[in-house]
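Remarks on the structure that follows.
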Amino acid sequence: MNEDLWNVVLGVLATGVSGSLGWLARTFALRRRLRRKQAFFGLPTGSECLLVVNRQAGNERAVHATDVSALLELSALIKDCGARLRIVQHDTARRGLGETTEFCIGGPYSNHRMAAHLVNLLPGLTMNVEPEPREDRGMFTVGGQSYRAQWGTVEYVVLARLTGGEGERPLFLLCGQAAVANQAAARHLSRHHEQLARTHGRDGTFALLLKVVNSDAYGPDVVEVVADITREARTAPPAPAAT
């Protein structure tokens, strides 16, 4: 074999080896990234999760069209983890906590299971469910601060990852003042889950207050993190003094 042919053979071998090593490295990185995502969401391959949906105002069996968009955002995320989803109405989801990963969507006025979660898991957070006065509708109160919606301009949503019950699977709450805020929380969770995992840990607990900016113009895309309210929301208010 002459020298030129030998150099060609060595070049082909080197290209093949480097290509194989690159492919193995990319495969390892993708698998590692998937395992981290599955750990954060509590969704190992083949597992089941629960999507608890609220009702549309004025219709006990219908789901708001924008909340359907939030479901689609979460469905794509669940599919990426290789898990199966089951969608149930809020008033039929009679299951404990921790058995399966759960995504609960909507405010306590339209989602009875969300109302129970807030009372039991986030006792320091309240959401006004009275229709009047309109400016106080859906108002969040936490840590002595109140957050009112300015419809179409500013809406707030609580995005939380909590654990409880006998199992180890997490519960995700997407509790918004409007359907567009629920979708914004789903999109924020899908886009920023890696950052959330780094900040709070893959098995960490958090409750974030998000602000949807000018939803009339930007829909659910422009979101700001207002505050980490984990400590305040998980701390029950002191009982009123006896008279």
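Order determines the names: the first chain of the structure tokens is A, the second B, and so forth; residues in each chain are numbered 1 upward, and ligands are numbered 1 upward as they are shown.
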### Task
Apply DSSP to the backbone of this structure and, from range 24-205 of chain A, keep only the residues in alpha helix (DSSP H); write these as number ranges by chain.
A: 24-41, 65-80, 112-121, 179-200
At most 9 Å is the cut-off: for each residue in range 90-205 of chain A with any atom that close to an atom of range 209-219 of chain A, write down the nearest atom pair and the distance in Å rounded to one decimal, counting only C-alpha atoms, chain first then increasing number, as a Markdown table.
```
| residue | atom | partner | partner_atom | distance |
| --- | --- | --- | --- | --- |
| A:Trp151 | CA | A:Ser215 | CA | 8.4 |
| A:Gly152 | CA | A:Asp216 | CA | 4.8 |
| A:Thr153 | CA | A:Asn214 | CA | 4.0 |
| A:Val154 | CA | A:Val213 | CA | 5.2 |
| A:Glu155 | CA | A:Val212 | CA | 5.2 |
| A:Tyr156 | CA | A:Lys211 | CA | 4.6 |
| A:Val157 | CA | A:Leu210 | CA | 5.3 |
| A:Val158 | CA | A:Leu209 | CA | 4.7 |
| A:Leu159 | CA | A:Leu209 | CA | 6.5 |
| A:Ala160 | CA | A:Leu209 | CA | 8.7 |
| A:Val180 | CA | A:Gly219 | CA | 6.8 |
| A:Ala181 | CA | A:Val212 | CA | 6.3 |
| A:Ala184 | CA | A:Val212 | CA | 7.0 |
| A:Ala185 | CA | A:Leu210 | CA | 7.6 |
```
### Message
To one decimal place in Å, what is the distance between CA of Leu72 in chain A and CA of Glu130 in chain A?
### Response
29.2 Å
### Task
Would you kindly return, as a ChimeraX atom specification, each protein, DNA or RNA residue with an atom no farther than 7 Å from any atom of Leu85 in chain A, considering only C-alpha atoms and excluding same-chain residues fewer than 3 positions away?
/A:48-51
Output as a compact mmCIF listing (two decimals) with all heavy atoms, in the first residue's frame all residues of range 99-130 of chain A that backbone DSSP marks as strand (DSSP E).
```txt
# COMPACT_ATOMS: atom_id res chain seq x y z
N THR A 101 -48.15 11.93 38.99
CA THR A 101 -47.96 13.35 38.73
C THR A 101 -49.29 13.97 38.33
O THR A 101 -50.06 13.39 37.57
CB THR A 101 -46.93 13.56 37.61
OG1 THR A 101 -45.66 13.11 38.06
CG2 THR A 101 -46.82 15.03 37.23
N GLU A 102 -49.57 15.15 38.85
CA GLU A 102 -50.83 15.82 38.56
C GLU A 102 -50.58 17.26 38.12
O GLU A 102 -49.77 17.97 38.73
CB GLU A 102 -51.74 15.81 39.78
CG GLU A 102 -53.06 16.56 39.61
CD GLU A 102 -53.90 16.60 40.86
OE1 GLU A 102 -53.73 15.71 41.72
OE2 GLU A 102 -54.72 17.53 40.99
N PHE A 103 -51.27 17.67 37.07
CA PHE A 103 -51.31 19.06 36.64
C PHE A 103 -52.75 19.54 36.85
O PHE A 103 -53.68 18.99 36.26
CB PHE A 103 -50.93 19.21 35.17
CG PHE A 103 -49.52 18.79 34.85
CD1 PHE A 103 -49.23 17.47 34.55
CD2 PHE A 103 -48.48 19.71 34.83
CE1 PHE A 103 -47.94 17.06 34.24
CE2 PHE A 103 -47.18 19.32 34.53
CZ PHE A 103 -46.91 17.99 34.24
N CYS A 104 -52.93 20.54 37.70
CA CYS A 104 -54.26 21.05 38.01
C CYS A 104 -54.36 22.47 37.48
O CYS A 104 -53.54 23.33 37.81
CB CYS A 104 -54.49 21.01 39.53
SG CYS A 104 -56.21 21.25 40.03
N ILE A 105 -55.39 22.73 36.67
CA ILE A 105 -55.48 23.98 35.91
C ILE A 105 -56.75 24.74 36.29
O ILE A 105 -57.85 24.16 36.33
CB ILE A 105 -55.49 23.69 34.40
CG1 ILE A 105 -54.23 22.93 34.00
CG2 ILE A 105 -55.61 24.98 33.59
CD1 ILE A 105 -54.26 22.44 32.57
N LEU A 125 -52.08 31.54 50.88
CA LEU A 125 -52.50 32.19 49.63
C LEU A 125 -54.01 32.11 49.52
O LEU A 125 -54.60 31.04 49.68
CB LEU A 125 -51.85 31.48 48.44
CG LEU A 125 -52.35 31.88 47.05
CD1 LEU A 125 -51.88 33.28 46.70
CD2 LEU A 125 -51.87 30.88 46.00
N THR A 126 -54.65 33.22 49.25
CA THR A 126 -56.09 33.23 49.02
C THR A 126 -56.37 33.88 47.66
O THR A 126 -55.61 34.72 47.20
CB THR A 126 -56.86 34.00 50.11
OG1 THR A 126 -56.41 35.36 50.14
CG2 THR A 126 -56.64 33.36 51.47
N MET A 127 -57.48 33.45 47.07
CA MET A 127 -57.91 34.01 45.79
C MET A 127 -59.40 34.34 45.92
O MET A 127 -60.21 33.47 46.29
CB MET A 127 -57.68 33.02 44.66
CG MET A 127 -57.96 33.57 43.29
SD MET A 127 -57.55 32.36 41.99
CE MET A 127 -57.75 33.38 40.51
```
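Nearest residue to Val68 in chain A, choosing from A:Thr45, A:Gln150, A:Asn128, A:Asn182 and counting only C-alpha atoms: A:Asn182.
What separates CA of Leu173 in chain A from CA of Arg36 in chain A is a distance of 20.2 Å.
Among the candidate residues A:Ala39, A:Val129, A:Val225, A:Cys175, the one lying nearest to Val52 in chain A is A:Cys175, with distances computed using only C-alpha atoms.
For the pair CA of Ser110 in chain A and CA of Thr141 in chain A, the separation is 18.2 Å.
Between Arg169 in chain A and the candidates A:Thr92, A:Glu73, A:Thr205, A:Pro237, the tightest atom-to-atom separation, counting only C-alpha atoms, involves A:Thr205.
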### Query
Pick the closest to Leu118 in chain A from A:Phe172, A:Leu77, A:Gly201, A:Lys37: which is it, counting only C-alpha atoms?
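Closest residue, counting only C-alpha atoms: A:Phe172.
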### Query
Nearest to Ala233 in chain A among A:Arg31, A:Lys79, A:His117, A:Arg95, with distances taken over only C-alpha atoms: which residue is it?
A:His117
Residue contacts of Glu194 in chain A (12 Å, only C-alpha atoms) excluding same-chain residues fewer than 5 positions away, as a PDB file with all heavy atoms, in the first residue's frame:
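Generated output (result04.pdb):
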```pdb
ATOM      1  N   ARG A  33     -30.403  14.734  29.442  1.00  0.00           N
ATOM      2  CA  ARG A  33     -31.366  15.836  29.517  1.00  0.00           C
ATOM      3  C   ARG A  33     -32.780  15.303  29.707  1.00  0.00           C
ATOM      4  O   ARG A  33     -33.567  15.858  30.495  1.00  0.00           O
ATOM      5  CB  ARG A  33     -31.281  16.668  28.241  1.00  0.00           C
ATOM      6  CG  ARG A  33     -32.129  17.926  28.249  1.00  0.00           C
ATOM      7  CD  ARG A  33     -31.903  18.716  26.979  1.00  0.00           C
ATOM      8  NE  ARG A  33     -32.664  19.951  26.971  1.00  0.00           N
ATOM      9  CZ  ARG A  33     -32.690  20.799  25.950  1.00  0.00           C
ATOM     10  NH1 ARG A  33     -31.947  20.555  24.867  1.00  0.00           N
ATOM     11  NH2 ARG A  33     -33.412  21.907  26.011  1.00  0.00           N
ATOM     12  N   LEU A  34     -33.117  14.196  29.011  1.00  0.00           N
ATOM     13  CA  LEU A  34     -34.439  13.593  29.160  1.00  0.00           C
ATOM     14  C   LEU A  34     -34.632  13.061  30.574  1.00  0.00           C
ATOM     15  O   LEU A  34     -35.702  13.245  31.172  1.00  0.00           O
ATOM     16  CB  LEU A  34     -34.621  12.476  28.137  1.00  0.00           C
ATOM     17  CG  LEU A  34     -35.926  11.660  28.254  1.00  0.00           C
ATOM     18  CD1 LEU A  34     -37.144  12.559  28.080  1.00  0.00           C
ATOM     19  CD2 LEU A  34     -35.932  10.521  27.234  1.00  0.00           C
ATOM     20  N   ARG A  35     -33.622  12.397  31.134  1.00  0.00           N
ATOM     21  CA  ARG A  35     -33.744  11.869  32.499  1.00  0.00           C
ATOM     22  C   ARG A  35     -33.968  12.986  33.508  1.00  0.00           C
ATOM     23  O   ARG A  35     -34.752  12.838  34.457  1.00  0.00           O
ATOM     24  CB  ARG A  35     -32.491  11.063  32.859  1.00  0.00           C
ATOM     25  CG  ARG A  35     -32.401   9.714  32.160  1.00  0.00           C
ATOM     26  CD  ARG A  35     -31.348   8.834  32.826  1.00  0.00           C
ATOM     27  NE  ARG A  35     -30.018   9.410  32.755  1.00  0.00           N
ATOM     28  CZ  ARG A  35     -29.163   9.179  31.773  1.00  0.00           C
ATOM     29  NH1 ARG A  35     -29.508   8.412  30.746  1.00  0.00           N
ATOM     30  NH2 ARG A  35     -27.962   9.737  31.789  1.00  0.00           N
ATOM     31  N   ARG A  36     -33.279  14.111  33.311  1.00  0.00           N
ATOM     32  CA  ARG A  36     -33.480  15.239  34.215  1.00  0.00           C
ATOM     33  C   ARG A  36     -34.897  15.796  34.098  1.00  0.00           C
ATOM     34  O   ARG A  36     -35.524  16.141  35.107  1.00  0.00           O
ATOM     35  CB  ARG A  36     -32.464  16.336  33.900  1.00  0.00           C
ATOM     36  CG  ARG A  36     -31.026  15.999  34.322  1.00  0.00           C
ATOM     37  CD  ARG A  36     -30.084  17.121  33.948  1.00  0.00           C
ATOM     38  NE  ARG A  36     -28.749  16.906  34.485  1.00  0.00           N
ATOM     39  CZ  ARG A  36     -27.724  17.712  34.263  1.00  0.00           C
ATOM     40  NH1 ARG A  36     -27.896  18.796  33.498  1.00  0.00           N
ATOM     41  NH2 ARG A  36     -26.532  17.452  34.778  1.00  0.00           N
ATOM     42  N   LYS A  37     -35.386  15.886  32.871  1.00  0.00           N
ATOM     43  CA  LYS A  37     -36.747  16.379  32.650  1.00  0.00           C
ATOM     44  C   LYS A  37     -37.760  15.431  33.280  1.00  0.00           C
ATOM     45  O   LYS A  37     -38.716  15.869  33.939  1.00  0.00           O
ATOM     46  CB  LYS A  37     -36.991  16.514  31.142  1.00  0.00           C
ATOM     47  CG  LYS A  37     -38.331  17.126  30.756  1.00  0.00           C
ATOM     48  CD  LYS A  37     -38.400  17.306  29.248  1.00  0.00           C
ATOM     49  CE  LYS A  37     -39.707  17.975  28.829  1.00  0.00           C
ATOM     50  NZ  LYS A  37     -39.770  18.196  27.366  1.00  0.00           N
ATOM     51  N   GLN A  38     -37.574  14.136  33.090  1.00  0.00           N
ATOM     52  CA  GLN A  38     -38.482  13.150  33.670  1.00  0.00           C
ATOM     53  C   GLN A  38     -38.465  13.216  35.192  1.00  0.00           C
ATOM     54  O   GLN A  38     -39.501  13.092  35.845  1.00  0.00           O
ATOM     55  CB  GLN A  38     -38.099  11.744  33.198  1.00  0.00           C
ATOM     56  CG  GLN A  38     -38.394  11.487  31.729  1.00  0.00           C
ATOM     57  CD  GLN A  38     -37.880  10.136  31.275  1.00  0.00           C
ATOM     58  OE1 GLN A  38     -36.825   9.670  31.712  1.00  0.00           O
ATOM     59  NE2 GLN A  38     -38.631   9.480  30.395  1.00  0.00           N
ATOM     60  N   ALA A  39     -37.278  13.422  35.773  1.00  0.00           N
ATOM     61  CA  ALA A  39     -37.171  13.502  37.224  1.00  0.00           C
ATOM     62  C   ALA A  39     -37.897  14.730  37.763  1.00  0.00           C
ATOM     63  O   ALA A  39     -38.588  14.665  38.782  1.00  0.00           O
ATOM     64  CB  ALA A  39     -35.704  13.521  37.647  1.00  0.00           C
ATOM     65  N   PHE A  40     -37.746  15.870  37.088  1.00  0.00           N
ATOM     66  CA  PHE A  40     -38.385  17.101  37.554  1.00  0.00           C
ATOM     67  C   PHE A  40     -39.903  16.978  37.517  1.00  0.00           C
ATOM     68  O   PHE A  40     -40.597  17.398  38.452  1.00  0.00           O
ATOM     69  CB  PHE A  40     -37.925  18.281  36.695  1.00  0.00           C
ATOM     70  CG  PHE A  40     -38.588  19.586  37.040  1.00  0.00           C
ATOM     71  CD1 PHE A  40     -38.223  20.281  38.181  1.00  0.00           C
ATOM     72  CD2 PHE A  40     -39.553  20.129  36.220  1.00  0.00           C
ATOM     73  CE1 PHE A  40     -38.829  21.481  38.508  1.00  0.00           C
ATOM     74  CE2 PHE A  40     -40.163  21.335  36.525  1.00  0.00           C
ATOM     75  CZ  PHE A  40     -39.804  22.012  37.677  1.00  0.00           C
ATOM     76  N   PHE A  41     -40.422  16.389  36.444  1.00  0.00           N
ATOM     77  CA  PHE A  41     -41.869  16.265  36.308  1.00  0.00           C
ATOM     78  C   PHE A  41     -42.421  14.985  36.927  1.00  0.00           C
ATOM     79  O   PHE A  41     -43.635  14.793  36.956  1.00  0.00           O
ATOM     80  CB  PHE A  41     -42.273  16.337  34.828  1.00  0.00           C
ATOM     81  CG  PHE A  41     -42.143  17.706  34.242  1.00  0.00           C
ATOM     82  CD1 PHE A  41     -41.142  18.003  33.339  1.00  0.00           C
ATOM     83  CD2 PHE A  41     -43.015  18.721  34.606  1.00  0.00           C
ATOM     84  CE1 PHE A  41     -41.008  19.276  32.802  1.00  0.00           C
ATOM     85  CE2 PHE A  41     -42.896  20.001  34.080  1.00  0.00           C
ATOM     86  CZ  PHE A  41     -41.886  20.277  33.176  1.00  0.00           C
ATOM     87  N   HIS A 188     -44.768  28.875  30.267  1.00  0.00           N
ATOM     88  CA  HIS A 188     -43.585  29.207  31.057  1.00  0.00           C
ATOM     89  C   HIS A 188     -42.964  27.938  31.638  1.00  0.00           C
ATOM     90  O   HIS A 188     -41.736  27.775  31.633  1.00  0.00           O
ATOM     91  CB  HIS A 188     -43.979  30.163  32.185  1.00  0.00           C
ATOM     92  CG  HIS A 188     -42.832  30.654  33.008  1.00  0.00           C
ATOM     93  ND1 HIS A 188     -42.049  31.738  32.645  1.00  0.00           N
ATOM     94  CD2 HIS A 188     -42.314  30.201  34.184  1.00  0.00           C
ATOM     95  CE1 HIS A 188     -41.116  31.935  33.555  1.00  0.00           C
ATOM     96  NE2 HIS A 188     -41.244  31.014  34.498  1.00  0.00           N
ATOM     97  N   LEU A 189     -43.786  27.035  32.131  1.00  0.00           N
ATOM     98  CA  LEU A 189     -43.289  25.782  32.689  1.00  0.00           C
ATOM     99  C   LEU A 189     -42.594  24.951  31.623  1.00  0.00           C
ATOM    100  O   LEU A 189     -41.523  24.377  31.860  1.00  0.00           O
ATOM    101  CB  LEU A 189     -44.453  25.000  33.295  1.00  0.00           C
ATOM    102  CG  LEU A 189     -44.128  23.661  33.954  1.00  0.00           C
ATOM    103  CD1 LEU A 189     -43.197  23.852  35.141  1.00  0.00           C
ATOM    104  CD2 LEU A 189     -45.418  22.965  34.385  1.00  0.00           C
ATOM    105  N   THR A 199     -32.803  25.956  39.859  1.00  0.00           N
ATOM    106  CA  THR A 199     -33.020  26.891  40.967  1.00  0.00           C
ATOM    107  C   THR A 199     -33.591  26.205  42.200  1.00  0.00           C
ATOM    108  O   THR A 199     -33.158  26.463  43.329  1.00  0.00           O
ATOM    109  CB  THR A 199     -33.956  28.026  40.522  1.00  0.00           C
ATOM    110  OG1 THR A 199     -33.407  28.681  39.377  1.00  0.00           O
ATOM    111  CG2 THR A 199     -34.149  29.041  41.638  1.00  0.00           C
ATOM    112  N   HIS A 200     -34.564  25.328  41.986  1.00  0.00           N
ATOM    113  CA  HIS A 200     -35.300  24.745  43.111  1.00  0.00           C
ATOM    114  C   HIS A 200     -34.994  23.265  43.334  1.00  0.00           C
ATOM    115  O   HIS A 200     -35.501  22.680  44.296  1.00  0.00           O
ATOM    116  CB  HIS A 200     -36.809  24.912  42.880  1.00  0.00           C
ATOM    117  CG  HIS A 200     -37.228  26.334  42.657  1.00  0.00           C
ATOM    118  ND1 HIS A 200     -37.347  27.254  43.687  1.00  0.00           N
ATOM    119  CD2 HIS A 200     -37.537  27.018  41.521  1.00  0.00           C
ATOM    120  CE1 HIS A 200     -37.718  28.418  43.194  1.00  0.00           C
ATOM    121  NE2 HIS A 200     -37.844  28.305  41.886  1.00  0.00           N
ATOM    122  N   GLY A 201     -34.200  22.667  42.435  1.00  0.00           N
ATOM    123  CA  GLY A 201     -33.906  21.249  42.556  1.00  0.00           C
ATOM    124  C   GLY A 201     -34.963  20.427  41.824  1.00  0.00           C
ATOM    125  O   GLY A 201     -36.131  20.825  41.721  1.00  0.00           O
ATOM    126  N   ARG A 202     -34.545  19.266  41.311  1.00  0.00           N
ATOM    127  CA  ARG A 202     -35.482  18.438  40.538  1.00  0.00           C
ATOM    128  C   ARG A 202     -36.625  17.922  41.396  1.00  0.00           C
ATOM    129  O   ARG A 202     -37.677  17.588  40.886  1.00  0.00           O
ATOM    130  CB  ARG A 202     -34.734  17.284  39.875  1.00  0.00           C
ATOM    131  CG  ARG A 202     -33.794  17.705  38.773  1.00  0.00           C
ATOM    132  CD  ARG A 202     -33.314  16.521  37.961  1.00  0.00           C
ATOM    133  NE  ARG A 202     -32.545  15.586  38.756  1.00  0.00           N
ATOM    134  CZ  ARG A 202     -31.234  15.691  38.958  1.00  0.00           C
ATOM    135  NH1 ARG A 202     -30.567  16.705  38.429  1.00  0.00           N
ATOM    136  NH2 ARG A 202     -30.581  14.794  39.667  1.00  0.00           N
TER     137      ARG A 202
END
```
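Distance check against Arg113 in chain A using only C-alpha atoms: of A:Ala76, A:Met139, A:Leu174, A:Leu71, the minimum falls on A:Leu174.
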### Message
Set the distance at 8 Å and use only C-alpha atoms: which residues neighbour Glu232 in chain A once local chain neighbours fewer than 3 positions away are removed? I'd like the list as a ChimeraX atom specification.
### Response
/A:124-125,142-143,229,235
Filtering to C-alpha atoms, could you give me those residues as an mmCIF file, in the first residue's frame?
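The file below, part.cif, is the result:
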```
data_model
loop_
_atom_site.group_PDB
_atom_site.id
_atom_site.type_symbol
_atom_site.label_atom_id
_atom_site.label_comp_id
_atom_site.auth_asym_id
_atom_site.auth_seq_id
_atom_site.Cartn_x
_atom_site.Cartn_y
_atom_site.Cartn_z
ATOM 1 C CA GLY A 124 -51.159 31.439 53.129
ATOM 2 C CA LEU A 125 -52.497 32.187 49.633
ATOM 3 C CA VAL A 142 -50.342 36.494 49.962
ATOM 4 C CA GLY A 143 -47.803 37.793 52.466
ATOM 5 C CA ILE A 229 -44.032 33.238 47.295
ATOM 6 C CA THR A 235 -47.346 29.393 55.951
#
```
